[in-house]
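Undergrad: You'll find protein29.cif just under this line, and it carries mmCIF, N, CA and C atoms.
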```cif
data_my_file
#
loop_
_atom_site.label_atom_id
_atom_site.label_comp_id
_atom_site.auth_asym_id
_atom_site.auth_seq_id
_atom_site.Cartn_x
_atom_site.Cartn_y
_atom_site.Cartn_z
N MET A 70 -15.88 7.31 -17.66
CA MET A 70 -16.76 8.32 -18.21
C MET A 70 -18.19 7.86 -17.99
N THR A 71 -19.06 8.77 -17.58
CA THR A 71 -20.46 8.44 -17.38
C THR A 71 -21.25 8.93 -18.58
N PRO A 72 -22.49 8.41 -18.75
CA PRO A 72 -23.27 8.80 -19.93
C PRO A 72 -23.51 10.30 -20.04
N ASP A 73 -23.57 11.02 -18.94
CA ASP A 73 -23.85 12.45 -19.01
C ASP A 73 -22.59 13.29 -19.19
N MET A 74 -21.44 12.65 -19.32
CA MET A 74 -20.19 13.38 -19.52
C MET A 74 -19.93 13.56 -21.00
N PRO A 75 -19.43 14.72 -21.39
CA PRO A 75 -19.07 14.88 -22.80
C PRO A 75 -17.92 13.95 -23.16
N PRO A 76 -17.80 13.58 -24.41
CA PRO A 76 -16.77 12.62 -24.84
C PRO A 76 -15.35 13.04 -24.48
N ASP A 77 -15.08 14.33 -24.39
CA ASP A 77 -13.71 14.78 -24.10
C ASP A 77 -13.48 15.04 -22.62
N ALA A 78 -14.41 14.64 -21.75
CA ALA A 78 -14.30 14.93 -20.32
C ALA A 78 -13.10 14.23 -19.68
N THR A 79 -12.66 13.13 -20.24
CA THR A 79 -11.53 12.43 -19.65
C THR A 79 -10.20 13.10 -19.96
N SER A 80 -10.21 14.10 -20.83
CA SER A 80 -8.94 14.76 -21.17
C SER A 80 -8.38 15.54 -19.99
N ASP A 81 -9.22 15.85 -18.99
CA ASP A 81 -8.74 16.55 -17.80
C ASP A 81 -8.16 15.60 -16.75
N MET A 82 -8.28 14.30 -16.99
CA MET A 82 -7.78 13.34 -16.02
C MET A 82 -6.26 13.24 -16.14
N PRO A 83 -5.57 13.07 -15.00
CA PRO A 83 -4.13 12.88 -15.08
C PRO A 83 -3.80 11.62 -15.86
N PRO A 84 -2.67 11.61 -16.58
CA PRO A 84 -2.33 10.45 -17.40
C PRO A 84 -2.14 9.18 -16.59
N ASP A 85 -1.78 9.28 -15.30
CA ASP A 85 -1.56 8.08 -14.50
C ASP A 85 -2.78 7.69 -13.67
N ALA A 86 -3.93 8.34 -13.93
CA ALA A 86 -5.14 8.02 -13.18
C ALA A 86 -5.63 6.64 -13.55
N THR A 87 -6.11 5.92 -12.55
CA THR A 87 -6.68 4.61 -12.80
C THR A 87 -8.16 4.78 -13.08
N PRO A 88 -8.78 3.84 -13.81
CA PRO A 88 -10.18 3.99 -14.16
C PRO A 88 -11.10 4.10 -12.94
N ASP A 89 -10.76 3.43 -11.84
CA ASP A 89 -11.59 3.47 -10.64
C ASP A 89 -11.21 4.63 -9.72
N ALA A 90 -10.28 5.45 -10.13
CA ALA A 90 -9.76 6.51 -9.26
C ALA A 90 -10.85 7.49 -8.88
N SER A 91 -10.79 7.90 -7.63
CA SER A 91 -11.67 8.97 -7.18
C SER A 91 -11.16 10.25 -7.81
N PRO A 92 -12.06 11.09 -8.33
CA PRO A 92 -11.60 12.25 -9.08
C PRO A 92 -10.75 13.23 -8.27
N HIS A 93 -10.94 13.29 -6.97
CA HIS A 93 -10.20 14.27 -6.18
C HIS A 93 -9.23 13.63 -5.19
N ALA A 94 -9.03 12.33 -5.28
CA ALA A 94 -8.13 11.64 -4.36
C ALA A 94 -6.68 11.93 -4.73
N THR A 95 -5.89 12.21 -3.71
CA THR A 95 -4.45 12.38 -3.92
C THR A 95 -3.86 10.99 -4.17
N PRO A 96 -2.66 10.91 -4.76
CA PRO A 96 -2.09 9.59 -5.06
C PRO A 96 -1.96 8.69 -3.82
N ASP A 97 -1.64 9.28 -2.66
CA ASP A 97 -1.48 8.44 -1.47
C ASP A 97 -2.82 7.88 -0.98
N VAL A 98 -3.87 8.68 -1.03
CA VAL A 98 -5.20 8.19 -0.65
C VAL A 98 -5.69 7.17 -1.68
N GLN A 99 -5.44 7.44 -2.95
CA GLN A 99 -5.84 6.49 -3.99
C GLN A 99 -5.12 5.17 -3.83
N LEU A 100 -3.86 5.21 -3.39
CA LEU A 100 -3.10 3.99 -3.13
C LEU A 100 -3.83 3.12 -2.11
N VAL A 101 -4.30 3.74 -1.04
CA VAL A 101 -5.03 3.00 0.00
C VAL A 101 -6.30 2.39 -0.59
N LYS A 102 -7.06 3.19 -1.33
CA LYS A 102 -8.30 2.70 -1.92
C LYS A 102 -8.05 1.57 -2.92
N ASP A 103 -7.00 1.71 -3.71
CA ASP A 103 -6.66 0.68 -4.69
C ASP A 103 -6.21 -0.61 -3.99
N LEU A 104 -5.47 -0.48 -2.90
CA LEU A 104 -5.03 -1.65 -2.15
C LEU A 104 -6.25 -2.43 -1.64
N VAL A 105 -7.20 -1.72 -1.05
CA VAL A 105 -8.39 -2.37 -0.51
C VAL A 105 -9.23 -2.99 -1.63
N ALA A 106 -9.30 -2.33 -2.77
CA ALA A 106 -10.03 -2.88 -3.91
C ALA A 106 -9.34 -4.14 -4.45
N GLU A 107 -8.02 -4.12 -4.49
CA GLU A 107 -7.25 -5.26 -5.02
C GLU A 107 -7.21 -6.42 -4.02
N ILE A 108 -7.14 -6.11 -2.73
CA ILE A 108 -7.03 -7.14 -1.70
C ILE A 108 -8.14 -6.90 -0.67
N PRO A 109 -9.31 -7.43 -0.93
CA PRO A 109 -10.46 -7.19 -0.05
C PRO A 109 -10.26 -7.60 1.40
N ALA A 110 -9.28 -8.43 1.68
CA ALA A 110 -9.01 -8.81 3.07
C ALA A 110 -8.60 -7.61 3.92
N PHE A 111 -8.25 -6.49 3.29
CA PHE A 111 -7.92 -5.27 4.03
C PHE A 111 -9.15 -4.41 4.33
N GLU A 112 -10.34 -4.82 3.87
CA GLU A 112 -11.54 -3.99 4.04
C GLU A 112 -11.86 -3.68 5.49
N ASP A 113 -11.82 -4.69 6.37
CA ASP A 113 -12.14 -4.44 7.78
C ASP A 113 -11.15 -3.46 8.39
N LEU A 114 -9.87 -3.64 8.09
CA LEU A 114 -8.85 -2.73 8.59
C LEU A 114 -9.11 -1.31 8.09
N TYR A 115 -9.47 -1.21 6.82
CA TYR A 115 -9.75 0.09 6.20
C TYR A 115 -10.96 0.76 6.85
N GLU A 116 -12.04 0.01 7.00
CA GLU A 116 -13.24 0.59 7.60
C GLU A 116 -12.99 1.06 9.03
N THR A 117 -12.27 0.27 9.80
CA THR A 117 -11.92 0.67 11.17
C THR A 117 -11.06 1.92 11.15
N HIS A 118 -10.09 1.94 10.25
CA HIS A 118 -9.20 3.09 10.12
C HIS A 118 -9.98 4.36 9.79
N VAL A 119 -10.84 4.30 8.79
CA VAL A 119 -11.62 5.47 8.38
C VAL A 119 -12.51 5.94 9.53
N PHE A 120 -13.11 5.00 10.24
CA PHE A 120 -13.96 5.36 11.37
C PHE A 120 -13.13 6.04 12.47
N ASN A 121 -12.01 5.44 12.83
CA ASN A 121 -11.18 5.97 13.92
C ASN A 121 -10.49 7.28 13.56
N GLN A 122 -10.12 7.44 12.29
CA GLN A 122 -9.36 8.62 11.88
C GLN A 122 -10.25 9.69 11.24
N ASP A 123 -11.52 9.38 11.08
CA ASP A 123 -12.46 10.29 10.42
C ASP A 123 -12.00 10.60 9.00
N GLY A 124 -11.50 9.60 8.32
CA GLY A 124 -11.01 9.75 6.95
C GLY A 124 -9.81 8.84 6.73
N VAL A 125 -9.16 9.03 5.61
CA VAL A 125 -8.01 8.19 5.26
C VAL A 125 -6.71 8.94 5.53
N LEU A 126 -5.89 8.37 6.38
CA LEU A 126 -4.54 8.88 6.64
C LEU A 126 -3.59 7.78 6.15
N PRO A 127 -3.11 7.91 4.91
CA PRO A 127 -2.34 6.82 4.29
C PRO A 127 -1.16 6.32 5.11
N HIS A 128 -0.39 7.22 5.70
CA HIS A 128 0.78 6.77 6.45
C HIS A 128 0.38 5.98 7.69
N VAL A 129 -0.66 6.40 8.35
CA VAL A 129 -1.15 5.67 9.52
C VAL A 129 -1.69 4.30 9.09
N PHE A 130 -2.48 4.28 8.03
CA PHE A 130 -3.04 3.03 7.53
C PHE A 130 -1.93 2.06 7.14
N PHE A 131 -0.89 2.55 6.50
CA PHE A 131 0.16 1.65 6.03
C PHE A 131 1.03 1.11 7.15
N TRP A 132 1.06 1.76 8.30
CA TRP A 132 1.74 1.15 9.44
C TRP A 132 1.03 -0.16 9.77
N ASP A 133 -0.31 -0.12 9.77
CA ASP A 133 -1.10 -1.33 10.03
C ASP A 133 -0.93 -2.36 8.91
N VAL A 134 -0.86 -1.90 7.66
CA VAL A 134 -0.65 -2.81 6.54
C VAL A 134 0.68 -3.55 6.72
N THR A 135 1.70 -2.84 7.14
CA THR A 135 3.00 -3.47 7.37
C THR A 135 2.89 -4.54 8.44
N GLN A 136 2.23 -4.22 9.54
CA GLN A 136 2.09 -5.19 10.63
C GLN A 136 1.32 -6.43 10.16
N GLU A 137 0.23 -6.23 9.43
CA GLU A 137 -0.56 -7.34 8.91
C GLU A 137 0.25 -8.19 7.94
N THR A 138 1.04 -7.54 7.10
CA THR A 138 1.83 -8.24 6.10
C THR A 138 2.89 -9.11 6.77
N VAL A 139 3.56 -8.58 7.76
CA VAL A 139 4.57 -9.36 8.48
C VAL A 139 3.92 -10.51 9.24
N GLN A 140 2.78 -10.26 9.86
CA GLN A 140 2.06 -11.33 10.56
C GLN A 140 1.70 -12.46 9.59
N SER A 141 1.24 -12.10 8.41
CA SER A 141 0.91 -13.10 7.39
C SER A 141 2.16 -13.87 6.97
N TYR A 142 3.26 -13.16 6.75
CA TYR A 142 4.50 -13.79 6.35
C TYR A 142 4.97 -14.81 7.39
N LEU A 143 4.83 -14.44 8.65
CA LEU A 143 5.25 -15.33 9.74
C LEU A 143 4.25 -16.46 10.00
N GLY A 144 3.09 -16.39 9.37
CA GLY A 144 2.07 -17.41 9.57
C GLY A 144 1.39 -17.31 10.93
N LEU A 145 1.45 -16.13 11.53
CA LEU A 145 0.89 -15.94 12.87
C LEU A 145 -0.59 -15.56 12.86
N ASP A 146 -1.10 -15.17 11.71
CA ASP A 146 -2.50 -14.75 11.64
C ASP A 146 -3.09 -15.27 10.34
N ALA A 147 -3.85 -16.34 10.45
CA ALA A 147 -4.44 -16.97 9.26
C ALA A 147 -5.42 -16.05 8.55
N ASP A 148 -5.95 -15.05 9.26
CA ASP A 148 -6.92 -14.13 8.67
C ASP A 148 -6.27 -12.91 8.04
N ALA A 149 -4.98 -12.74 8.23
CA ALA A 149 -4.28 -11.58 7.66
C ALA A 149 -4.25 -11.69 6.14
N PRO A 150 -4.32 -10.55 5.46
CA PRO A 150 -4.22 -10.57 3.99
C PRO A 150 -2.92 -11.24 3.55
N ASP A 151 -2.98 -11.99 2.48
CA ASP A 151 -1.82 -12.73 1.98
C ASP A 151 -0.65 -11.79 1.68
N TRP A 152 0.46 -12.03 2.32
CA TRP A 152 1.64 -11.16 2.17
C TRP A 152 2.14 -11.12 0.74
N ARG A 153 2.01 -12.22 0.00
CA ARG A 153 2.49 -12.25 -1.38
C ARG A 153 1.70 -11.28 -2.26
N ARG A 154 0.39 -11.30 -2.09
CA ARG A 154 -0.46 -10.38 -2.87
C ARG A 154 -0.14 -8.93 -2.51
N THR A 155 0.08 -8.68 -1.23
CA THR A 155 0.39 -7.32 -0.80
C THR A 155 1.70 -6.85 -1.41
N LEU A 156 2.72 -7.69 -1.36
CA LEU A 156 4.01 -7.31 -1.95
C LEU A 156 3.91 -7.12 -3.46
N ARG A 157 3.16 -7.97 -4.13
CA ARG A 157 2.97 -7.82 -5.59
C ARG A 157 2.29 -6.49 -5.90
N PHE A 158 1.23 -6.18 -5.17
CA PHE A 158 0.52 -4.94 -5.39
C PHE A 158 1.44 -3.74 -5.17
N LEU A 159 2.17 -3.74 -4.06
CA LEU A 159 3.05 -2.62 -3.76
C LEU A 159 4.20 -2.51 -4.76
N GLU A 160 4.68 -3.63 -5.26
CA GLU A 160 5.73 -3.61 -6.29
C GLU A 160 5.19 -2.94 -7.56
N GLU A 161 3.99 -3.32 -7.96
CA GLU A 161 3.38 -2.71 -9.15
C GLU A 161 3.19 -1.21 -8.96
N GLN A 162 2.73 -0.82 -7.80
CA GLN A 162 2.51 0.60 -7.53
C GLN A 162 3.84 1.36 -7.47
N SER A 163 4.83 0.75 -6.87
CA SER A 163 6.15 1.39 -6.77
C SER A 163 6.78 1.59 -8.14
N ALA A 164 6.53 0.67 -9.04
CA ALA A 164 7.09 0.75 -10.40
C ALA A 164 6.51 1.93 -11.18
N ARG A 165 5.37 2.45 -10.74
CA ARG A 165 4.75 3.59 -11.42
C ARG A 165 5.54 4.88 -11.20
N ASP A 166 6.35 4.92 -10.14
CA ASP A 166 7.19 6.07 -9.82
C ASP A 166 6.37 7.35 -9.64
N VAL A 167 5.30 7.25 -8.84
CA VAL A 167 4.45 8.39 -8.51
C VAL A 167 4.89 8.88 -7.14
N PRO A 168 5.32 10.15 -7.00
CA PRO A 168 5.85 10.63 -5.73
C PRO A 168 4.97 10.35 -4.50
N GLY A 169 3.69 10.61 -4.54
CA GLY A 169 2.82 10.37 -3.38
C GLY A 169 2.75 8.91 -2.98
N ILE A 170 2.78 8.05 -3.98
CA ILE A 170 2.76 6.61 -3.72
C ILE A 170 4.10 6.17 -3.14
N ASP A 171 5.19 6.60 -3.75
CA ASP A 171 6.52 6.23 -3.27
C ASP A 171 6.74 6.67 -1.84
N GLU A 172 6.28 7.86 -1.51
CA GLU A 172 6.47 8.36 -0.14
C GLU A 172 5.82 7.44 0.87
N VAL A 173 4.60 6.99 0.60
CA VAL A 173 3.90 6.10 1.53
C VAL A 173 4.57 4.74 1.57
N VAL A 174 4.86 4.17 0.41
CA VAL A 174 5.46 2.83 0.37
C VAL A 174 6.81 2.82 1.08
N VAL A 175 7.63 3.82 0.82
CA VAL A 175 8.97 3.84 1.41
C VAL A 175 8.91 4.17 2.90
N THR A 176 8.25 5.27 3.26
CA THR A 176 8.33 5.72 4.66
C THR A 176 7.38 4.98 5.60
N SER A 177 6.29 4.43 5.08
CA SER A 177 5.32 3.81 5.98
C SER A 177 5.13 2.32 5.74
N PHE A 178 5.90 1.75 4.84
CA PHE A 178 5.90 0.30 4.67
C PHE A 178 7.33 -0.22 4.77
N LEU A 179 8.15 0.12 3.81
CA LEU A 179 9.52 -0.42 3.78
C LEU A 179 10.31 -0.09 5.04
N GLU A 180 10.22 1.14 5.50
CA GLU A 180 11.00 1.53 6.68
C GLU A 180 10.52 0.85 7.96
N TYR A 181 9.30 0.31 7.95
CA TYR A 181 8.76 -0.36 9.14
C TYR A 181 8.86 -1.87 9.06
N LEU A 182 9.47 -2.40 8.02
CA LEU A 182 9.71 -3.84 7.98
C LEU A 182 10.69 -4.20 9.10
N PRO A 183 10.61 -5.44 9.60
CA PRO A 183 11.48 -5.82 10.72
C PRO A 183 12.96 -5.65 10.39
N PHE A 184 13.72 -5.28 11.41
CA PHE A 184 15.16 -5.12 11.27
C PHE A 184 15.85 -6.48 11.36
N PRO A 185 17.12 -6.56 10.90
CA PRO A 185 17.85 -7.82 10.99
C PRO A 185 17.81 -8.37 12.42
N GLY A 186 17.63 -9.67 12.52
CA GLY A 186 17.57 -10.32 13.82
C GLY A 186 16.19 -10.34 14.45
N LYS A 187 15.25 -9.61 13.86
CA LYS A 187 13.88 -9.59 14.38
C LYS A 187 13.01 -10.57 13.58
N PRO A 188 11.99 -11.13 14.22
CA PRO A 188 11.10 -12.06 13.50
C PRO A 188 10.48 -11.39 12.27
N GLY A 189 10.58 -12.07 11.16
CA GLY A 189 9.98 -11.58 9.92
C GLY A 189 10.92 -10.79 9.04
N HIS A 190 12.14 -10.54 9.47
CA HIS A 190 13.07 -9.76 8.65
C HIS A 190 13.31 -10.41 7.28
N GLU A 191 13.16 -11.71 7.22
CA GLU A 191 13.40 -12.42 5.96
C GLU A 191 12.46 -11.99 4.85
N ILE A 192 11.36 -11.31 5.19
CA ILE A 192 10.44 -10.84 4.16
C ILE A 192 11.14 -9.88 3.20
N VAL A 193 12.19 -9.25 3.68
CA VAL A 193 12.95 -8.31 2.85
C VAL A 193 13.48 -9.01 1.60
N SER A 194 13.85 -10.27 1.73
CA SER A 194 14.37 -11.01 0.58
C SER A 194 13.27 -11.36 -0.43
N GLU A 195 12.02 -11.13 -0.07
CA GLU A 195 10.89 -11.41 -0.94
C GLU A 195 10.43 -10.18 -1.73
N LEU A 196 11.03 -9.02 -1.46
CA LEU A 196 10.65 -7.79 -2.16
C LEU A 196 11.00 -7.90 -3.64
N GLY A 197 10.15 -7.32 -4.47
CA GLY A 197 10.44 -7.26 -5.90
C GLY A 197 11.59 -6.31 -6.16
N PRO A 198 12.09 -6.26 -7.38
CA PRO A 198 13.28 -5.46 -7.68
C PRO A 198 13.11 -3.96 -7.42
N VAL A 199 11.95 -3.40 -7.69
CA VAL A 199 11.75 -1.96 -7.49
C VAL A 199 11.76 -1.64 -6.01
N MET A 200 10.99 -2.38 -5.24
CA MET A 200 10.95 -2.10 -3.79
C MET A 200 12.27 -2.48 -3.13
N ALA A 201 12.93 -3.52 -3.60
CA ALA A 201 14.22 -3.90 -3.03
C ALA A 201 15.24 -2.78 -3.20
N ALA A 202 15.23 -2.14 -4.36
CA ALA A 202 16.15 -1.02 -4.61
C ALA A 202 15.82 0.16 -3.69
N LYS A 203 14.55 0.44 -3.52
CA LYS A 203 14.15 1.54 -2.63
C LYS A 203 14.48 1.22 -1.18
N PHE A 204 14.29 -0.04 -0.80
CA PHE A 204 14.62 -0.47 0.55
C PHE A 204 16.12 -0.32 0.81
N ALA A 205 16.94 -0.71 -0.17
CA ALA A 205 18.39 -0.62 -0.01
C ALA A 205 18.85 0.82 0.18
N LYS A 206 18.12 1.77 -0.42
CA LYS A 206 18.48 3.19 -0.26
C LYS A 206 18.13 3.71 1.13
N VAL A 207 16.98 3.32 1.65
CA VAL A 207 16.55 3.87 2.93
C VAL A 207 17.07 3.07 4.12
N ARG A 208 17.38 1.79 3.90
CA ARG A 208 17.90 0.96 4.99
C ARG A 208 19.05 0.11 4.46
N PRO A 209 20.17 0.73 4.12
CA PRO A 209 21.28 0.00 3.52
C PRO A 209 21.81 -1.15 4.39
N ALA A 210 21.63 -1.06 5.69
CA ALA A 210 22.11 -2.13 6.58
C ALA A 210 21.04 -3.23 6.76
N GLY A 211 19.96 -3.10 6.03
CA GLY A 211 18.90 -4.11 6.14
C GLY A 211 17.86 -3.64 7.08
#
```
Translate the structure described by the file into structure tokens.
TA:
Amino acid sequence: MTPDMPPDATSDMPPDATPDASPHATPDVQLVKDLVAEIPAFEDLYETHVFNQDGVLPHVFFWDVTQETVQSYLGLDADAPDWRRTLRFLEEQSARDVPGIDEVVVTSFLEYLPFPGKPGHEIVSELGPVMAAKFAKVRPAG
């Protein structure tokens, strides 16, 4: 709430809105913004994405997040955002059970994790309980 807002102005905010939430951001776009705020190592990726896409396309951005996360897990890129922080953040967001967030996490992160026999597939065993359950539904064979 800003000083020029009436005291009851927050009553129009959705109950699951975060304090830093953009007032008109959809849950999937807010997920991207929250990720970058929580893990600043994604800022360069975000800025490049916004420039190249002329805005935020959450599913496209999360394909890159998946690649960066797996690279970090494999230790192939010392500059990649820490995979543990990324998984923790996504686990917390997944636990909120917000449809727009779940759609991005499931279809543009979990589904793009490496398949069995591919480098980095072991990251699947590091998923928290909420994401592990969602992963098992969309990729029962791993």
Undergrad: Once the PyMOL selection byres ((chain A and resi 100-112) around 8) is applied to the coordinates I shared, what remains selected? I want it as a CSV table (one decimal) with N, CA and C atoms, in the coordinates of the input.
TA:
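This went into selection28.csv:
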```csv
chain,number,residue,atom,x,y,z
A,89,ASP,N,-10.8,3.4,-11.8
A,89,ASP,CA,-11.6,3.5,-10.6
A,89,ASP,C,-11.2,4.6,-9.7
A,90,ALA,N,-10.3,5.4,-10.1
A,90,ALA,CA,-9.8,6.5,-9.3
A,90,ALA,C,-10.8,7.5,-8.9
A,94,ALA,N,-9.0,12.3,-5.3
A,94,ALA,CA,-8.1,11.6,-4.4
A,94,ALA,C,-6.7,11.9,-4.7
A,95,THR,N,-5.9,12.2,-3.7
A,95,THR,CA,-4.4,12.4,-3.9
A,95,THR,C,-3.9,11.0,-4.2
A,96,PRO,N,-2.7,10.9,-4.8
A,96,PRO,CA,-2.1,9.6,-5.1
A,96,PRO,C,-2.0,8.7,-3.8
A,97,ASP,N,-1.6,9.3,-2.7
A,97,ASP,CA,-1.5,8.4,-1.5
A,97,ASP,C,-2.8,7.9,-1.0
A,98,VAL,N,-3.9,8.7,-1.0
A,98,VAL,CA,-5.2,8.2,-0.6
A,98,VAL,C,-5.7,7.2,-1.7
A,99,GLN,N,-5.4,7.4,-3.0
A,99,GLN,CA,-5.8,6.5,-4.0
A,99,GLN,C,-5.1,5.2,-3.8
A,113,ASP,N,-11.8,-4.7,6.4
A,113,ASP,CA,-12.1,-4.4,7.8
A,113,ASP,C,-11.2,-3.5,8.4
A,114,LEU,N,-9.9,-3.6,8.1
A,114,LEU,CA,-8.8,-2.7,8.6
A,114,LEU,C,-9.1,-1.3,8.1
A,115,TYR,N,-9.5,-1.2,6.8
A,115,TYR,CA,-9.8,0.1,6.2
A,115,TYR,C,-11.0,0.8,6.8
A,116,GLU,N,-12.0,0.0,7.0
A,116,GLU,CA,-13.2,0.6,7.6
A,116,GLU,C,-13.0,1.1,9.0
A,117,THR,N,-12.3,0.3,9.8
A,117,THR,CA,-11.9,0.7,11.2
A,117,THR,C,-11.1,1.9,11.2
A,118,HIS,N,-10.1,1.9,10.2
A,118,HIS,CA,-9.2,3.1,10.1
A,118,HIS,C,-10.0,4.4,9.8
A,125,VAL,N,-9.2,9.0,5.6
A,125,VAL,CA,-8.0,8.2,5.3
A,125,VAL,C,-6.7,8.9,5.5
A,126,LEU,N,-5.9,8.4,6.4
A,126,LEU,CA,-4.5,8.9,6.6
A,126,LEU,C,-3.6,7.8,6.2
A,127,PRO,N,-3.1,7.9,4.9
A,127,PRO,CA,-2.3,6.8,4.3
A,127,PRO,C,-1.2,6.3,5.1
A,130,PHE,N,-2.5,4.3,8.0
A,130,PHE,CA,-3.0,3.0,7.5
A,130,PHE,C,-1.9,2.1,7.1
A,131,PHE,N,-0.9,2.6,6.5
A,131,PHE,CA,0.2,1.6,6.0
A,131,PHE,C,1.0,1.1,7.2
A,148,ASP,N,-6.0,-15.0,9.3
A,148,ASP,CA,-6.9,-14.1,8.7
A,148,ASP,C,-6.3,-12.9,8.0
A,149,ALA,N,-5.0,-12.7,8.2
A,149,ALA,CA,-4.3,-11.6,7.7
A,149,ALA,C,-4.2,-11.7,6.1
A,150,PRO,N,-4.3,-10.6,5.5
A,150,PRO,CA,-4.2,-10.6,4.0
A,150,PRO,C,-2.9,-11.2,3.6
A,151,ASP,N,-3.0,-12.0,2.5
A,151,ASP,CA,-1.8,-12.7,2.0
A,151,ASP,C,-0.6,-11.8,1.7
A,154,ARG,N,0.4,-11.3,-2.1
A,154,ARG,CA,-0.5,-10.4,-2.9
A,154,ARG,C,-0.1,-8.9,-2.5
A,155,THR,N,0.1,-8.7,-1.2
A,155,THR,CA,0.4,-7.3,-0.8
A,155,THR,C,1.7,-6.8,-1.4
A,158,PHE,N,1.2,-6.2,-5.2
A,158,PHE,CA,0.5,-4.9,-5.4
A,158,PHE,C,1.4,-3.7,-5.2
A,159,LEU,N,2.2,-3.7,-4.1
A,159,LEU,CA,3.0,-2.6,-3.8
A,159,LEU,C,4.2,-2.5,-4.8
A,162,GLN,N,2.7,-0.8,-7.8
A,162,GLN,CA,2.5,0.6,-7.5
A,162,GLN,C,3.8,1.4,-7.5
A,169,GLY,N,3.7,10.6,-4.5
A,169,GLY,CA,2.8,10.4,-3.4
A,169,GLY,C,2.8,8.9,-3.0
A,170,ILE,N,2.8,8.0,-4.0
A,170,ILE,CA,2.8,6.6,-3.7
A,170,ILE,C,4.1,6.2,-3.1
```
Undergrad: Any chance you could tabulate, as JSON lines, the residues of range 110-170 of chain A at most 7 Å from range 180-196 of chain A with each one's nearest atom pair and distance in Å to one decimal, using only C-alpha atoms, in chain and rising number order?
TA:
```
{"residue": "A:Thr135", "atom": "CA", "partner": "A:Leu182", "partner_atom": "CA", "distance": 6.7}
{"residue": "A:Val139", "atom": "CA", "partner": "A:Gly189", "partner_atom": "CA", "distance": 6.0}
{"residue": "A:Tyr142", "atom": "CA", "partner": "A:Gly189", "partner_atom": "CA", "distance": 6.9}
{"residue": "A:Leu143", "atom": "CA", "partner": "A:Gly189", "partner_atom": "CA", "distance": 6.0}
{"residue": "A:Leu156", "atom": "CA", "partner": "A:Leu196", "partner_atom": "CA", "distance": 6.7}
```
Undergrad: Give me the residues near Arg208 in chain A as a list in words, where near means some atom within 8 Å (using only N, CA and C atoms) and where sequence neighbours in that chain fewer than 4 positions away do not count.
TA: Leu179, Glu180, Ala202, Lys203 and Phe204 of chain A
Undergrad: Print the selection's residues with N, CA and C atoms to a file, as a short mmCIF file (atom, residue, chain, number, x, y, z; two decimals), in the coordinates of the input.
TA:
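As written to disk, out-v6.cif reads:
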```cif
data_model
loop_
_atom_site.label_atom_id
_atom_site.label_comp_id
_atom_site.auth_asym_id
_atom_site.auth_seq_id
_atom_site.Cartn_x
_atom_site.Cartn_y
_atom_site.Cartn_z
N LEU A 179 8.15 0.12 3.81
CA LEU A 179 9.52 -0.42 3.78
C LEU A 179 10.31 -0.09 5.04
N GLU A 180 10.22 1.14 5.50
CA GLU A 180 11.00 1.53 6.68
C GLU A 180 10.52 0.85 7.96
N ALA A 202 15.23 -2.14 -4.36
CA ALA A 202 16.15 -1.02 -4.61
C ALA A 202 15.82 0.16 -3.69
N LYS A 203 14.55 0.44 -3.52
CA LYS A 203 14.15 1.54 -2.63
C LYS A 203 14.48 1.22 -1.18
N PHE A 204 14.29 -0.04 -0.80
CA PHE A 204 14.62 -0.47 0.55
C PHE A 204 16.12 -0.32 0.81
#
```
Undergrad: If I take CA of Leu145 in chain A and CA of Asp133 in chain A, how far is one from the other in Å, to one decimal?
TA: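 CA of Asp133 in chain A lies at a distance of 15.0 Å from CA of Leu145 in chain A.
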Undergrad: Enter the distance from atom C of Arg157 in chain A to atom C of Gly197 in chain A, in Å, rounded to one decimal.
TA: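 Atom C of Arg157 in chain A sits 9.3 Å away from atom C of Gly197 in chain A.
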Undergrad: Quick check, in Å to one decimal: how far apart do atom N of Gln122 in chain A and CA of Val173 in chain A lie?
TA: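 Those two atoms sit 17.7 Å apart.
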Undergrad: Kindly compute an axis-aligned box around the listed atoms of range 125-142 of chain A, allowing 5 Å on each side, and express its centre and edge lengths in Å to one decimal as lines of an AutoDock Vina configuration file.
TA:
```
center_x = -2.1
center_y = -2.9
center_z = 7.5
size_x = 24.1
size_y = 33.8
size_z = 16.3
```
Undergrad: From the list A:His128, A:Phe120, A:Pro198, A:Ser141, which residue is nearest Val174 in chain A when using only N, CA and C atoms?
TA: A:His128
Undergrad: For the structure just given, write the atoms of range 124-145 of chain A, namely C-alpha atoms, as a short mmCIF file (atom, residue, chain, number, x, y, z; two decimals), in the first residue's frame.
TA:
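Below is the file that was written, result-v1.cif:
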```cif
data_model
loop_
_atom_site.label_atom_id
_atom_site.label_comp_id
_atom_site.auth_asym_id
_atom_site.auth_seq_id
_atom_site.Cartn_x
_atom_site.Cartn_y
_atom_site.Cartn_z
CA GLY A 124 8.25 -8.86 -22.83
CA VAL A 125 7.98 -11.87 -20.56
CA LEU A 126 7.01 -15.23 -22.04
CA PRO A 127 7.10 -17.49 -18.97
CA HIS A 128 7.21 -20.82 -20.81
CA VAL A 129 10.05 -19.68 -23.04
CA PHE A 130 11.95 -18.23 -20.09
CA PHE A 131 11.55 -21.42 -18.07
CA TRP A 132 13.03 -23.55 -20.82
CA ASP A 133 16.21 -21.52 -20.24
CA VAL A 134 15.80 -21.80 -16.45
CA THR A 135 15.69 -25.59 -16.82
CA GLN A 136 18.86 -25.61 -18.92
CA GLU A 137 20.68 -23.34 -16.45
CA THR A 138 19.53 -25.45 -13.49
CA VAL A 139 20.74 -28.70 -15.03
CA GLN A 140 24.06 -27.07 -16.01
CA SER A 141 24.49 -25.94 -12.39
CA TYR A 142 23.59 -29.40 -11.09
CA LEU A 143 26.19 -30.99 -13.36
CA GLY A 144 28.79 -28.43 -12.30
CA LEU A 145 29.33 -27.42 -15.92
#
```
